[in-house]
file entry.txt (compact mmCIF, C-alpha atoms)
# COMPACT_ATOMS: atom_id res chain seq x y z
CA MET A 27 16.19 9.01 3.43
CA ALA A 28 14.40 8.92 0.08
CA LEU A 29 14.30 12.15 -1.88
CA ALA A 30 10.52 11.78 -2.13
CA ASP A 31 10.33 12.24 1.64
CA ARG A 32 11.75 15.77 1.20
CA HIS A 33 8.95 16.79 -1.17
CA LEU A 34 5.50 18.04 -0.13
CA THR A 35 2.47 19.61 -1.75
CA LEU A 36 0.46 22.24 0.15
CA GLN A 37 -2.65 23.19 -1.79
CA ARG A 38 -6.35 23.91 -1.47
CA ASP A 39 -8.31 20.85 -2.57
CA VAL A 40 -10.43 21.64 -5.63
CA HIS A 41 -13.29 19.44 -4.43
CA SER A 42 -13.54 20.06 -0.68
CA GLY A 43 -11.91 23.50 -0.48
CA GLU A 44 -9.71 22.26 2.40
CA VAL A 45 -6.04 23.25 2.64
CA LEU A 46 -4.17 19.94 2.53
CA ALA A 47 -0.50 19.04 2.89
CA ARG A 48 0.70 15.75 1.44
CA GLY A 49 4.06 13.99 1.53
CA GLY A 50 7.08 14.58 3.70
CA ASP A 51 8.78 12.64 6.46
CA PRO A 52 8.11 12.61 10.25
CA GLU A 53 10.11 15.83 10.73
CA ALA A 54 7.98 17.61 8.14
CA HIS A 55 4.85 16.24 9.77
CA SER A 56 5.96 17.62 13.13
CA ILE A 57 6.53 21.06 11.60
CA LEU A 58 3.06 20.99 10.04
CA GLU A 59 1.43 19.96 13.30
CA ARG A 60 3.29 22.67 15.22
CA THR A 61 1.97 25.16 12.69
CA GLY A 62 -1.62 24.14 13.38
CA PHE A 63 -2.27 21.33 10.89
CA VAL A 64 -4.18 18.21 11.92
CA PRO A 65 -2.89 14.75 10.86
CA VAL A 66 -5.31 12.49 9.00
CA VAL A 67 -4.53 8.77 8.68
CA ARG A 68 -6.50 6.69 6.21
CA VAL A 69 -6.12 3.07 5.14
CA HIS A 70 -4.16 3.94 2.02
CA GLU A 71 -2.89 7.46 2.67
CA GLN A 72 -1.80 9.98 5.25
CA TYR A 73 -2.00 13.77 4.97
CA HIS A 74 -2.49 16.92 7.04
CA ARG A 75 -5.33 19.45 6.98
CA LEU A 76 -6.05 22.75 8.65
CA PRO A 77 -8.62 22.79 11.47
CA THR A 78 -12.22 23.37 10.51
CA GLY A 79 -13.93 26.69 11.19
CA LEU A 80 -11.10 28.99 10.09
CA ASP A 81 -11.73 31.90 7.77
CA GLU A 82 -9.83 32.10 4.48
CA ALA A 83 -7.38 34.74 5.74
CA GLU A 84 -6.37 32.58 8.71
CA GLU A 85 -6.00 29.52 6.48
CA GLU A 86 -3.67 31.46 4.18
CA ARG A 87 -1.67 32.76 7.14
CA LEU A 88 -1.10 29.27 8.57
CA ALA A 89 -0.36 27.70 5.19
CA THR A 90 2.12 30.46 4.33
CA ARG A 91 3.83 30.03 7.69
CA ALA A 92 4.10 26.28 7.10
CA VAL A 93 5.79 26.93 3.75
CA ALA A 94 8.26 29.33 5.40
CA ARG A 95 9.09 26.84 8.14
CA LEU A 96 9.46 23.85 5.84
CA ARG A 97 11.61 25.64 3.27
CA ALA A 98 13.84 26.94 6.06
CA VAL A 99 14.97 23.34 6.61
CA LYS A 100 15.30 22.60 2.88
CA TYR A 101 12.06 20.81 2.08
CA ASP A 102 10.89 21.05 -1.53
CA ILE A 103 7.31 22.34 -1.53
CA ALA A 104 4.85 22.77 -4.36
CA CYS A 105 2.15 25.12 -3.09
CA ASP A 106 -0.65 27.39 -4.27
CA GLU A 107 0.35 30.90 -5.29
CA ALA A 108 -1.58 32.28 -2.30
CA PHE A 109 0.80 30.46 0.06
CA GLU A 110 4.06 31.49 -1.61
CA THR A 111 6.52 33.45 0.54
CA GLU A 112 10.14 34.51 0.53
CA LEU A 113 10.28 34.34 4.32
CA ARG A 114 12.21 31.56 6.05
CA GLU A 115 11.21 31.07 9.64
CA ALA A 116 13.96 29.74 11.92
CA HIS A 117 13.45 26.18 13.12
CA TYR A 118 14.29 25.64 16.78
CA LEU A 119 14.66 22.29 18.51
CA PRO A 120 11.33 21.41 20.14
CA LEU A 121 10.93 20.23 23.72
CA GLY A 122 10.71 16.64 22.50
CA ALA A 123 14.29 16.85 21.23
CA LEU A 124 15.51 17.47 24.78
CA VAL A 125 13.67 14.33 25.91
CA ALA A 126 15.02 12.31 22.98
CA HIS A 127 18.54 13.37 23.99
CA GLN A 128 18.18 11.13 27.04
CA ALA A 129 17.77 8.15 24.72
CA GLU A 130 21.03 9.09 23.02
CA ARG A 131 22.72 9.31 26.43
CA ILE A 132 21.54 5.77 27.16
CA ARG A 133 22.76 4.50 23.78
CA GLN A 134 26.22 5.95 24.50
CA ALA A 135 26.34 4.87 28.17
CA THR A 136 29.15 2.55 29.25
CA THR A 137 28.02 1.94 32.86
CA THR A 138 24.78 1.29 34.74
CA ASP A 139 25.35 4.52 36.67
CA GLU A 140 25.17 6.57 33.47
CA VAL A 141 21.87 4.96 32.44
CA ALA A 142 20.43 5.45 35.93
CA ASP A 143 21.37 9.13 35.75
CA ALA A 144 19.56 9.52 32.42
CA LEU A 145 16.46 7.67 33.65
CA ASN A 146 16.33 9.91 36.69
CA GLU A 147 15.22 12.72 34.36
CA PHE A 148 12.06 10.69 33.79
CA THR A 149 11.42 9.25 37.25
CA ALA A 150 12.36 12.14 39.59
CA ALA A 151 9.42 12.53 41.96
CA HIS A 152 9.13 16.32 41.96
CA ASP A 153 10.17 17.50 38.50
CA GLY A 154 10.75 14.40 36.37
CA ILE A 155 9.35 14.10 32.85
CA LEU A 156 6.71 11.54 33.86
CA THR A 157 5.57 13.73 36.74
CA ALA A 158 5.23 16.62 34.31
CA LEU A 159 3.28 14.40 31.91
CA ASP A 160 0.94 13.47 34.76
CA ASP A 161 0.37 17.19 35.34
CA VAL A 162 -0.37 17.72 31.63
CA LEU A 163 -2.99 14.96 31.67
CA ALA A 164 -4.59 16.40 34.80
CA ALA A 165 -4.70 19.93 33.37
CA THR A 166 -6.18 18.70 30.09
CA ALA A 167 -8.78 16.62 31.92
CA GLU A 168 -9.77 19.66 33.99
CA PHE A 169 -10.09 21.77 30.84
CA CYS A 170 -12.24 19.19 29.05
CA GLN A 171 -14.40 18.68 32.13
CA SER A 172 -15.14 22.40 32.32
CA LEU A 173 -16.38 22.47 28.70
CA GLY A 174 -19.49 20.78 30.01
CA GLY A 175 -20.50 18.51 27.14
CA ALA A 176 -21.20 14.81 27.62
CA ALA A 177 -18.32 13.86 25.30
CA ASP A 178 -16.04 16.33 27.11
CA ILE A 179 -16.79 14.69 30.46
CA ASP A 180 -16.03 11.26 28.96
CA THR A 181 -12.73 12.59 27.57
CA ALA A 182 -11.78 13.97 30.98
CA ALA A 183 -12.55 10.62 32.61
CA ARG A 184 -10.41 8.84 29.99
CA LEU A 185 -7.46 11.16 30.62
CA ARG A 186 -7.69 10.60 34.38
CA TYR A 187 -7.79 6.84 33.77
CA LEU A 188 -4.64 7.05 31.66
CA ALA A 189 -2.87 9.04 34.38
CA GLU A 190 -3.90 6.80 37.25
CA SER A 191 -3.92 3.33 35.65
CA ARG A 192 -1.36 3.51 32.86
CA LEU A 193 1.09 6.30 33.59
CA ASP A 194 1.50 5.27 37.24
CA VAL A 195 2.40 1.72 36.16
CA LEU A 196 4.95 3.03 33.65
CA ARG A 197 6.45 5.37 36.23
CA ALA A 198 6.69 2.64 38.89
CA ASP A 199 8.29 0.13 36.51
CA LEU A 200 10.80 2.62 35.13
CA ALA A 201 11.68 3.81 38.63
CA GLY A 202 12.33 0.18 39.58
CA VAL A 203 14.67 -0.29 36.63
CA ARG A 204 16.45 2.95 37.47
CA ALA A 205 16.93 1.91 41.13
CA ASP A 206 18.28 -1.51 40.11
CA LEU A 207 20.80 0.02 37.70
CA ALA A 208 21.86 2.64 40.25
CA ASP A 209 22.72 -0.11 42.78
CA ARG A 210 24.75 -2.24 40.37
CA HIS A 211 27.69 0.08 39.51
CA THR A 212 28.59 -2.19 36.60
CA PRO A 213 30.30 -1.40 33.30
CA HIS A 214 28.55 -2.56 30.17
CA PRO A 215 30.29 -5.74 28.95
CA GLN A 216 30.22 -4.69 25.30
CA ARG A 217 30.89 -0.96 25.61
CA SER A 218 34.09 0.76 26.64
CA VAL A 219 35.61 4.21 26.45
CA CYS A 220 38.73 4.47 24.28
CA SER A 221 41.08 7.34 25.02
CA ALA A 222 43.01 6.72 21.77
CA GLU A 223 46.24 6.98 23.75
CA VAL A 224 49.12 4.54 23.46
CA GLY A 225 50.69 3.48 26.72
CA PRO A 226 54.46 3.77 27.33
CA GLY A 227 54.82 -0.01 27.31
CA GLU A 228 53.34 -0.43 23.84
CA ARG A 229 55.87 -2.12 21.56
CA GLU A 230 54.01 -1.76 18.26
CA ALA A 231 54.95 1.52 16.59
CA SER A 232 51.77 1.40 14.49
CA ALA A 233 49.45 1.23 17.50
CA VAL A 234 46.81 3.97 17.58
CA CYS A 235 45.37 3.17 21.00
CA GLY A 236 46.11 1.17 24.09
CA CYS A 237 43.03 -1.06 23.90
CA PRO A 238 43.79 -4.77 24.00
CA PRO A 239 43.03 -6.71 20.82
CA PRO A 240 39.67 -8.48 20.69
CA PRO A 241 39.77 -12.07 21.94
CA ARG A 242 40.33 -14.71 19.32
CA THR A 243 37.65 -17.31 18.98
CA THR A 244 38.47 -20.87 18.03
CA PRO A 245 35.81 -23.06 16.52
CA THR A 246 34.44 -25.77 18.78
CA PRO A 247 34.65 -29.37 17.63
CA SER A 248 30.96 -29.32 16.84
CA SER A 249 31.31 -26.22 14.65
CA ALA A 250 34.65 -27.07 13.05
CA PRO A 251 34.38 -27.96 9.38
CA ALA A 252 34.66 -31.64 8.62
CA PHE A 253 37.51 -32.50 6.26
CA PRO A 254 36.91 -35.32 3.78
CA ALA A 255 38.77 -38.52 4.49
CA PRO A 256 41.71 -39.17 2.12
CA VAL A 257 40.90 -41.43 -0.77
CA GLY A 258 43.55 -43.98 -1.69
CA GLN A 259 44.80 -44.31 -5.23
CA ARG A 260 43.36 -47.10 -7.21
CA ARG A 261 45.77 -49.65 -8.47
call {"tool": "encode", "arguments": {"input": "entry.txt", "output": "structure tokens"}}
result
Amino acid sequence: MALADRHLTLQRDVHSGEVLARGGDPEAHSILERTGFVPVVRVHEQYHRLPTGLDEAEEERLATRAVARLRAVKYDIACDEAFETELREAHYLPLGALVAHQAERIRQATTTDEVADALNEFTAAHDGILTALDDVLAATAEFCQSLGGAADIDTAARLRYLAESRLDVLRADLAGVRADLADRHTPHPQRSVCSAEVGPGEREASAVCGCPPPPRTTPTPSSAPAFPAPVGQRR
């Protein structure tokens, strides 16, 4: 990771008066967003701002908390004096990290059963991750609907569409993959578990594990290098 990705500025813009954070990597962006900042993506730049409608005291509180959280995980921050703090707020793994752990389980899996077990966390009918996401969409749609504005009603309809037409397709497809893998009971052909133990029949004293050597590959006639024909000596 580039050192520039560990550096951020968090300052009040002299022109707009907005509190803006610039720089950082995706982890820093997540910390900012969890502290209340809103991401802004332009054609040539990306930054974070505080929500509109906050009074100055609340803006300083959120900006100071962002500095404390970012410096706790060793980010270099240049900030306004009003946001300076000696506090370091502990950074805990967010809920998304628990979900991402399933991806790591799949990357390390050596059998189809292990992958099926990880996918079950997403596809379980009662308390799987996708079922919970469906519930989040429904709850958000209900909240937006109750706000009463025309745009709010359109947002609620969009969220229900995503749940019914997109999320259901994803859930059905992933559940199908999970069921297929669960029925196969097959080891991955390119992954194996090494115990690093040498069997009693191993003759090589330098052996560090009992895994067989990788198969040797011999070039096929089509891929074998062509040797030049011998040239006779001239008389």
call {"tool": "residues_around", "arguments": {"input": "entry.txt", "residues": "region 165-173 of chain A", "least_positions_apart": "5", "cutoff": "8 Å", "atoms": "all atoms listed in the file", "output": "list in words"}}
result
Asp178, Ile179, Thr181, Ala182, Ala183, Leu185 and Arg186 of chain A
call {"tool": "closest_residue", "arguments": {"input": "entry.txt", "among": "A:Pro52, A:Arg204, A:Phe63, A:Val40", "to": "Ile132 (chain A)", "atoms": "only C-alpha atoms"}}
result
A:Arg204
call {"tool": "residues_around", "arguments": {"input": "entry.txt", "residues": "Leu113 (chain A)", "least_positions_apart": "6", "cutoff": "9 Å", "atoms": "only C-alpha atoms", "output": "ChimeraX atom specification"}}
result
/A:91,93-95,97-98
call {"tool": "atom_distance", "arguments": {"input": "entry.txt", "atom1": "CA of Val141 (chain A)", "atom2": "CA of Leu121 (chain A)"}}
result
20.7 Å
call {"tool": "atom_distance", "arguments": {"input": "entry.txt", "atom1": "CA of Gly202 (chain A)", "atom2": "CA of Leu163 (chain A)"}}
result
22.7 Å
call {"tool": "residues_around", "arguments": {"input": "entry.txt", "residues": "Glu53 (chain A)", "least_positions_apart": "6", "cutoff": "10 Å", "atoms": "all atoms listed in the file", "output": "list in words"}}
result
Asp31, Arg32, Glu59, Leu96 and Val99 of chain A
call {"tool": "closest_residue", "arguments": {"input": "entry.txt", "among": "A:Ala92, A:Asp139, A:Cys105, A:Arg114", "to": "Thr212 (chain A)", "atoms": "all atoms listed in the file"}}
result
A:Asp139
call {"tool": "atom_distance", "arguments": {"input": "entry.txt", "atom1": "CA of Thr138 (chain A)", "atom2": "CA of Arg210 (chain A)"}}
result
6.6 Å
call {"tool": "closest_residue", "arguments": {"input": "entry.txt", "among": "A:Ala205, A:Asp143, A:His74, A:Asp160", "to": "Ser191 (chain A)", "atoms": "only C-alpha atoms"}}
result
A:Asp160
call {"tool": "residues_around", "arguments": {"input": "entry.txt", "residues": "Ala135 (chain A)", "least_positions_apart": "2", "cutoff": "12 Å", "atoms": "all atoms listed in the file", "output": "list in words"}}
result
Gln128, Ala129, Glu130, Arg131, Ile132, Arg133, Thr137, Thr138, Asp139, Glu140, Val141, Ala142, Asp143, Ala144, Leu145, Thr212, Pro213, His214, Pro215, Gln216, Arg217, Ser218 and Val219 of chain A
call {"tool": "closest_residue", "arguments": {"input": "entry.txt", "among": "A:Lys100, A:Arg48, A:Arg192, A:His117", "to": "Thr61 (chain A)", "atoms": "all atoms listed in the file"}}
result
A:His117
